[in-house]
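As structure tokens, the structure follows; a few thoughts come after it.
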Amino acid sequence: MLTSTACGETLSRLGFGCMRLPQTVDKAIDEAEFRRMVDYAIDHGVNYFDTAWPYHGGHSEIALGKALARHPRERWFIADKYPGHQIASSYHPAEIFEEQLKKCGVEYFDFYLLHNVYENSIGVYTDPQWGILDYFREQKRLGRIRHLGFSSHARPETLASFLNKESEGMEFCQIQLNYLDWTLQDAKSKYALLTGRGIPVWVMEPLRGGKLTELEREDHARMRPFRPGESDAAWALRWLQRLPNVKVILSGMSSLAQMEDNVKTFSEGTPLTDEEAAVLEEIAEEMKDALPCTRCRYCCDGCPQQLDIPMLIHAYNDVKFSGGMTVAMQMDALPEDKRPSACIGCGACEAVCPQSIQIPKALADLADRLSKMPSWAEMCRQREEAARKLKEKG
């Protein structure tokens, strides 16, 4: 099993992300299958296991704690997260942290994260009335958290702003990173920012929720001469192995077969060559069907609404590809007069766009798509309701 050294620990580069666990027909976690997956992982050198408060309606933490407890404590690291990104009327870090320790059956967390520090949650995490950062820094001092970090779906400039103000004690950062989001979500800039500041990178969504495991037949034809028989997932994971500051790659596996394939990939230290990576990156560009915005910002100078048009075009490309939960979060964080619906369609931006993008049309389409999606606040409410029902069912 490939390993890395970060935060003074030897970590398996493959981590088990416990957000998409195997399920029974009634949508409960299939704990027998999950235990088999955990056993296989540990037996083959995987030692990093990641869960969070909202995963599987709060049941992921419990299932993971029970599965890990069957193995010696020194053979695994457990990571959990504080849900300050969830929209709520109040926040209680001590209450949730204590319950998480009980649910996971541990006295301390090896790794603990502020869950999704992004445009709308930075205010929550830094608000003195909740004392979230101070509380978790104190838990780290007490040894109840061995390593403190954060995850983020924020834009690069927001990520930089948080690090400028609150980097104290932040030992690692988890970002969405894969060969598609390298450009689609500008993960390249986030990776460079974190690497430049000496912060090790943990990867989430390396397979884009499974989208990078189902490539087209013609794409396979281009890849096959290089690595016959290699799965699409293996290609995506090996692309990430090329990045030296990526220390842990979390895969949300939901079957033993997926676990076996990923373990095989990380048991062989053969990252993609430059030629192979170029093939994959060409496929990514073709997958996006994206508007060719170069972020020159000529369009912004004459916009009467002073919209951040490149950022909105970037969001449009993302929501077209994936439905855009991350986009919903980011748009909720914008004032009403800075959202795509604020575009008045004057055409001043389109007249100066070097790429001849039909910007007003794109922004109108984005506004329409967003109007048909639940807001992030509504998504949080739906998750809480689902968790409540699962809790009532036991």
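Naming scheme: A, B, ... for chains in displayed order of the structure tokens; residues 1 onward per chain; ligands 1 onward as shown.
Of all the residues in stretch 197-262 of chain A, the ones DSSP labels as strand (DSSP E) from the backbone are Val201, Trp202, Val203, Met204, Val246, Lys247, Val248, Ile249, Leu250 and Ser251 of chain A.
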Would you write out those residues with C-alpha atoms, as an mmCIF file, in the first residue's frame?
```
data_model
loop_
_atom_site.group_PDB
_atom_site.id
_atom_site.type_symbol
_atom_site.label_atom_id
_atom_site.label_comp_id
_atom_site.auth_asym_id
_atom_site.auth_seq_id
_atom_site.Cartn_x
_atom_site.Cartn_y
_atom_site.Cartn_z
ATOM 1 C CA VAL A 201 -3.713 18.304 0.750
ATOM 2 C CA TRP A 202 -6.331 15.639 1.356
ATOM 3 C CA VAL A 203 -8.522 14.839 -1.682
ATOM 4 C CA MET A 204 -12.284 14.341 -1.691
ATOM 5 C CA VAL A 246 -1.586 15.097 -2.139
ATOM 6 C CA LYS A 247 -1.147 12.991 0.978
ATOM 7 C CA VAL A 248 -4.516 11.211 1.331
ATOM 8 C CA ILE A 249 -7.011 10.399 -1.436
ATOM 9 C CA LEU A 250 -10.458 9.632 -0.046
ATOM 10 C CA SER A 251 -12.593 7.282 -2.103
#
```
(request) Write out as an MDAnalysis selection string each polymer residue whose atoms come within 12 Å of A:Gly269, counting only C-alpha atoms; drop sequence neighbours fewer than 3 positions from it. (result) chainID A and resid 1:3 13 234 237:242 263:266 272:273
Can those selected residues be exported to a file as a tab-separated table (two decimals), in the first residue's frame so that it contains C-alpha atoms?
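selection11.tsv, written as the output of this step:
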```tsv
chain	number	residue	atom	x	y	z
A	1	MET	CA	0.00	0.00	0.00
A	2	LEU	CA	1.38	3.41	-1.00
A	3	THR	CA	1.92	5.67	2.00
A	13	ARG	CA	-2.53	7.38	0.44
A	234	ALA	CA	-7.65	3.54	-11.50
A	237	LEU	CA	-6.61	7.81	-8.94
A	238	ARG	CA	-3.24	7.40	-10.64
A	239	TRP	CA	-3.57	10.92	-12.05
A	240	LEU	CA	-3.76	12.19	-8.47
A	241	GLN	CA	-0.73	10.14	-7.47
A	242	ARG	CA	1.32	12.49	-9.67
A	263	VAL	CA	-6.51	-1.25	-3.11
A	264	LYS	CA	-4.96	-2.82	-6.20
A	265	THR	CA	-4.39	0.65	-7.67
A	266	PHE	CA	-2.65	1.86	-4.50
A	272	LEU	CA	0.41	8.15	-14.93
A	273	THR	CA	3.19	9.22	-17.25
```
Rows by chain and residue number, stretch 50-130 of chain A within 10 Å of stretch 331-351 of chain A, shortest pair, only C-alpha atoms, as JSON lines:
```
{"residue": "A:Tyr118", "atom": "CA", "partner": "A:Ala333", "partner_atom": "CA", "distance": 8.8}
{"residue": "A:Glu119", "atom": "CA", "partner": "A:Ala333", "partner_atom": "CA", "distance": 5.8}
{"residue": "A:Asn120", "atom": "CA", "partner": "A:Ala333", "partner_atom": "CA", "distance": 4.9}
{"residue": "A:Ser121", "atom": "CA", "partner": "A:Ala333", "partner_atom": "CA", "distance": 8.7}
```
(request) Just the residues within 10 Å of A:Arg70, please, counting only C-alpha atoms, with nothing from its chain fewer than 4 positions along; format it as a count of residues only. (result) 5
(request) Find the residues near A:Lys211: any atom within 10 Å, counting only C-alpha atoms, skip ones fewer than 5 places away on the same chain, and give them as a ChimeraX atom specification. (result) /A:180,205-206,232-233,321-322
(message) Measuring between only C-alpha atoms, which one of A:Ser267, A:Gln358, A:Asn245, A:Gln330 shows the shortest distance to A:Ser12?
(response)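 Nearest to A:Ser12: A:Ser267.
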(message) List the spatial neighbours of A:Leu366 as a PyMOL selection string - criterion: any atom at most 8 Å away, only C-alpha atoms, same-chain residues fewer than 4 positions off excluded.
(response) chain A and resi 316+319+340+362+370
(request) For A:Arg144, work out the shell of residues within 8 Å, counting only C-alpha atoms and skipping chain neighbours fewer than 2 positions away, then give it as a VMD selection string. (result) chain A and resid 107 to 109 139 to 142 146
Could you please take those selected residues and save N, CA and C atoms as a PDB file, in the first residue's frame?
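Result file is again-v1.pdb:
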```
ATOM      1  N   GLU A 107     -12.023   7.897  22.355  1.00  0.00           N
ATOM      2  CA  GLU A 107     -11.723   8.936  23.340  1.00  0.00           C
ATOM      3  C   GLU A 107     -11.095  10.159  22.690  1.00  0.00           C
ATOM      4  N   TYR A 108     -10.620   9.999  21.479  1.00  0.00           N
ATOM      5  CA  TYR A 108     -10.030  11.126  20.754  1.00  0.00           C
ATOM      6  C   TYR A 108     -10.161  10.852  19.259  1.00  0.00           C
ATOM      7  N   PHE A 109     -10.124  11.921  18.471  1.00  0.00           N
ATOM      8  CA  PHE A 109     -10.077  11.793  17.015  1.00  0.00           C
ATOM      9  C   PHE A 109      -8.644  12.032  16.555  1.00  0.00           C
ATOM     10  N   GLN A 139      -9.499  21.617  22.224  1.00  0.00           N
ATOM     11  CA  GLN A 139      -9.574  20.152  22.218  1.00  0.00           C
ATOM     12  C   GLN A 139      -8.279  19.548  21.680  1.00  0.00           C
ATOM     13  N   LYS A 140      -7.683  20.223  20.729  1.00  0.00           N
ATOM     14  CA  LYS A 140      -6.387  19.764  20.230  1.00  0.00           C
ATOM     15  C   LYS A 140      -5.324  19.878  21.326  1.00  0.00           C
ATOM     16  N   ARG A 141      -5.342  20.981  22.058  1.00  0.00           N
ATOM     17  CA  ARG A 141      -4.371  21.147  23.140  1.00  0.00           C
ATOM     18  C   ARG A 141      -4.539  20.057  24.195  1.00  0.00           C
ATOM     19  N   LEU A 142      -5.785  19.651  24.435  1.00  0.00           N
ATOM     20  CA  LEU A 142      -6.079  18.627  25.436  1.00  0.00           C
ATOM     21  C   LEU A 142      -5.811  17.206  24.932  1.00  0.00           C
ATOM     22  N   ARG A 146      -5.970  15.049  17.679  1.00  0.00           N
ATOM     23  CA  ARG A 146      -4.521  14.998  17.484  1.00  0.00           C
ATOM     24  C   ARG A 146      -4.085  15.940  16.367  1.00  0.00           C
TER      25      ARG A 146
END
```
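Distance-wise, atom CA of A:Gln355 and atom CA of A:Ala160 end up 28.6 Å apart.
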(request) Grab the atom CA of A:Gly17 to atom CA of A:Asp50 distance for me, in Å with one decimal place. (result)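 Taking atom CA of A:Gly17 and atom CA of A:Asp50, their separation equals 4.9 Å.
Residue neighbourhood of A:Phe136, excluding near-sequence residues (fewer than 6 positions): Tyr82, Pro93, Ala94, Phe97, Tyr112, Leu113, Leu114, Leu142, Arg144, Ile145, Leu148, Gly149 and Gly169 of chain A, at 10 Å, using only C-alpha atoms.
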Kindly save the residues from that selection, with N, CA and C atoms included, as a PDB file, in the first residue's frame.
```
ATOM      1  N   TYR A  82     -16.841  18.847  12.119  1.00  0.00           N
ATOM      2  CA  TYR A  82     -17.877  19.666  12.756  1.00  0.00           C
ATOM      3  C   TYR A  82     -18.722  20.345  11.684  1.00  0.00           C
ATOM      4  N   PRO A  93     -20.625  23.571  19.328  1.00  0.00           N
ATOM      5  CA  PRO A  93     -19.510  22.671  19.041  1.00  0.00           C
ATOM      6  C   PRO A  93     -19.249  21.634  20.136  1.00  0.00           C
ATOM      7  N   ALA A  94     -19.318  22.035  21.401  1.00  0.00           N
ATOM      8  CA  ALA A  94     -19.034  21.086  22.487  1.00  0.00           C
ATOM      9  C   ALA A  94     -20.051  19.958  22.511  1.00  0.00           C
ATOM     10  N   PHE A  97     -19.449  17.663  19.443  1.00  0.00           N
ATOM     11  CA  PHE A  97     -18.173  16.950  19.552  1.00  0.00           C
ATOM     12  C   PHE A  97     -18.270  15.794  20.546  1.00  0.00           C
ATOM     13  N   TYR A 112      -9.454  15.847  12.827  1.00  0.00           N
ATOM     14  CA  TYR A 112     -10.770  16.479  12.960  1.00  0.00           C
ATOM     15  C   TYR A 112     -10.786  17.715  12.076  1.00  0.00           C
ATOM     16  N   LEU A 113     -11.910  17.909  11.365  1.00  0.00           N
ATOM     17  CA  LEU A 113     -11.999  18.986  10.377  1.00  0.00           C
ATOM     18  C   LEU A 113     -13.172  19.907  10.649  1.00  0.00           C
ATOM     19  N   LEU A 114     -12.993  21.170  10.337  1.00  0.00           N
ATOM     20  CA  LEU A 114     -14.114  22.090  10.165  1.00  0.00           C
ATOM     21  C   LEU A 114     -14.716  21.724   8.818  1.00  0.00           C
ATOM     22  N   LEU A 142      -5.785  19.651  24.435  1.00  0.00           N
ATOM     23  CA  LEU A 142      -6.079  18.627  25.436  1.00  0.00           C
ATOM     24  C   LEU A 142      -5.811  17.206  24.932  1.00  0.00           C
ATOM     25  N   ARG A 144      -7.605  15.621  22.666  1.00  0.00           N
ATOM     26  CA  ARG A 144      -8.827  14.943  22.208  1.00  0.00           C
ATOM     27  C   ARG A 144      -8.960  15.032  20.694  1.00  0.00           C
ATOM     28  N   ILE A 145      -8.186  15.919  20.093  1.00  0.00           N
ATOM     29  CA  ILE A 145      -7.976  15.997  18.645  1.00  0.00           C
ATOM     30  C   ILE A 145      -6.473  15.999  18.457  1.00  0.00           C
ATOM     31  N   LEU A 148      -5.742  18.944  13.623  1.00  0.00           N
ATOM     32  CA  LEU A 148      -6.898  19.772  13.270  1.00  0.00           C
ATOM     33  C   LEU A 148      -6.714  20.348  11.871  1.00  0.00           C
ATOM     34  N   GLY A 149      -7.765  20.275  11.078  1.00  0.00           N
ATOM     35  CA  GLY A 149      -7.733  20.834   9.730  1.00  0.00           C
ATOM     36  C   GLY A 149      -9.111  21.250   9.291  1.00  0.00           C
ATOM     37  N   GLY A 169      -3.085  26.606  13.737  1.00  0.00           N
ATOM     38  CA  GLY A 169      -3.530  25.266  14.117  1.00  0.00           C
ATOM     39  C   GLY A 169      -4.094  24.441  12.985  1.00  0.00           C
TER      40      GLY A 169
END
```
(message) Measuring between only C-alpha atoms, which one of A:Glu166, A:Asp186, A:Asp134, A:Asp301 shows the shortest distance to A:Ala154?
(response) A:Asp186
(request) Record the distance separating atom CA of A:Phe34 and atom CA of A:Gly229, expressed in Å with one decimal. (result) 26.7 Å
(message) Write out as a count of residues only the set of residues from stretch 82-247 of chain A that DSSP, computed on the backbone, places in helix (DSSP H, G or I).
(response) 74
